[in-house]
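Comments concern the structure below.
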Amino acid sequence: MGNTDRRVRRTRESLHKALISLALEKSYNSITVQEVLDRADVGRSTFYVHFESMDELLISGIHDLRITLNSALQHQKTSAKRHESVVAFSRAMFDHANGYRNVYFALLNTRAWPLVRQQLQDVLEDLIRRECKAEIEKLKTANSEVPVDLFVHYLTAAFFAVLMWWMDRRSRLTPSQINEVFRSLVLPTVHAVLG
C-alpha cells in the first residue's frame with residue numbers, strides 16, 4: 001500500500017510540475033492535456049485516473065499549500081501574542097507567493113486565475129475561521145458585535161488586497177516587510193474585535 005501511495009503521489013507531482021513548467025512557457029489557455037502528458041511522460045488513462053481536467057490538476061497543488069500554511073500556523077501559534085494566531089499564516093503565505101511569483105504572473109490573465117484565486121481564498125478563510133472560533137472559545141465571552149463570518153471574510157479580503165497589491169506592483173518589499181505591513185493594517189482590528 002505504501003509503495004502504491006508513493007507512486008500515486010509521484011505521478012500527481014509529475015503531472016503538476018509539467019503543467020506549471022508549461023504555464024511558464026506559454027499561455028495556460030493554450031496548453032493541452034497531451035502536452036502535459038508528454039512533458040510528464042504519463043499516459044492519458046493515468047491522467048484521467050487522477051484528474052478530470054487540467055483545472056483540477058492545476059488546483060491540486062493548493063492541497064500542498066494548505067498543509068504548509070497549517071504547519072506554519074501551528075508553529076507560529078506558540079509564539080503569537082494574544083489573538084494574533086488568526087493571522088499566523090500570513091508570513092508563510094507571503095513566502096509562498098514570493099516563491100511562485102512567476103507562476104502567478106503566468107496565470108493572472110488566463111481562465112485559470114479566478115479558479116486559483118477562489119481556491120486560495122477558501123484555504124485562507126478556513127484557516128482564519130478555525131482560529132477565530134478557537135480564540136472566541138478561549139474568551140468565553142465575545143464582547144464584539146461583529147459576526148464571526150463577517151470578521152473572517154474581512155481578514156481574508158484584507159490579506160488578498162495586500163497580497164495582490166504587492167504582486168501586481170512587483171513591489172520590492174520582502175515577504176517579511178509586506179507581512180509587517182499586513183499585520184500593522186489588520187492587528188488593531190483583530191484586537192478590537194476579539195479583545
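Naming scheme: A, B, ... for chains in displayed order of the C-alpha cells; residues 1 onward per chain; ligands 1 onward as shown.
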
Report the closest atom pair, with its distance in Å rounded to one decimal, for each residue of stretch 48-74 of chain A that has an atom no farther than 8 Å from stretch 7-30 of chain A; count only C-alpha atoms, sort by chain and then rising residue number, and write it as CSV.
```
residue,atom,partner,partner_atom,distance
A:His50,CA,A:Arg12,CA,7.2
A:Leu57,CA,A:His16,CA,6.2
A:Leu58,CA,A:His16,CA,6.5
A:Ser60,CA,A:His16,CA,7.6
A:Gly61,CA,A:His16,CA,7.0
```

Keeping C-alpha atoms, export the residues of the selection given above as a PDB file, in the first residue's frame.
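Once written, out_27.pdb looks like this:
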```pdb
ATOM      1  CA  HIS A  50      -6.147  11.161 -11.089  1.00  0.00           C
ATOM      2  CA  LEU A  57      -4.689  19.295 -11.969  1.00  0.00           C
ATOM      3  CA  LEU A  58      -3.737  22.947 -11.535  1.00  0.00           C
ATOM      4  CA  SER A  60      -4.262  20.093  -6.869  1.00  0.00           C
ATOM      5  CA  GLY A  61      -1.122  21.971  -5.844  1.00  0.00           C
TER       6      GLY A  61
END
```

Find the spatial neighbours of A:Ala97, counting only C-alpha atoms, within a cut-off of 9 Å - ignore same-chain residues fewer than 5 positions away - and output them as an MDAnalysis selection string. chainID A and resid 92 104 163 167 175

Just write the chosen residues, C-alpha atoms, as an mmCIF file, in the first residue's frame.
```
data_model
loop_
_atom_site.group_PDB
_atom_site.id
_atom_site.type_symbol
_atom_site.label_atom_id
_atom_site.label_comp_id
_atom_site.auth_asym_id
_atom_site.auth_seq_id
_atom_site.Cartn_x
_atom_site.Cartn_y
_atom_site.Cartn_z
ATOM 1 C CA ALA A 92 4.219 31.636 5.221
ATOM 2 C CA TYR A 104 1.215 33.992 -10.568
ATOM 3 C CA LEU A 163 -1.104 40.261 -1.494
ATOM 4 C CA MET A 167 2.310 41.136 -6.532
ATOM 5 C CA PRO A 175 7.970 38.836 2.305
#
```

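For the pair atom CA of A:His83 and atom CA of A:Val193, the interatomic distance is 9.6 Å.
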
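Non-sequential neighbours of A:Leu69 (distance at most 7 Å, separation of 4 or more positions within a chain, only C-alpha atoms) are A:Leu65, A:Leu73, A:Phe89, A:Ala92, A:Met93.
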
Near stretch 189-191 of chain A, within 12 Å and counting only C-alpha atoms, which residues show up once chain neighbours fewer than 4 positions away are dropped, as number ranges by chain? A: 81-87, 128, 131-132, 135-136, 142-144, 146, 148, 151-152, 154-155, 158, 182-185, 195

Within 12 Å of A:Arg111, counting only C-alpha atoms, which residues qualify if same-chain residues fewer than 2 places away don't, as an NGL selection string? :A and (27-31 or 54-55 or 58 or 106-109 or 113-117)

Can you check which residues of stretch 42-148 of chain A DSSP gives as alpha helix (DSSP H) on the backbone and send them as number ranges by chain? A: 44-50, 54-77, 90-99, 101-107, 113-139, 148

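With only C-alpha atoms as the basis for measurement, A:Asp95 is the residue among A:Asp64, A:Asp95, A:Glu52, A:Asp5 that approaches A:Asn179 most closely.
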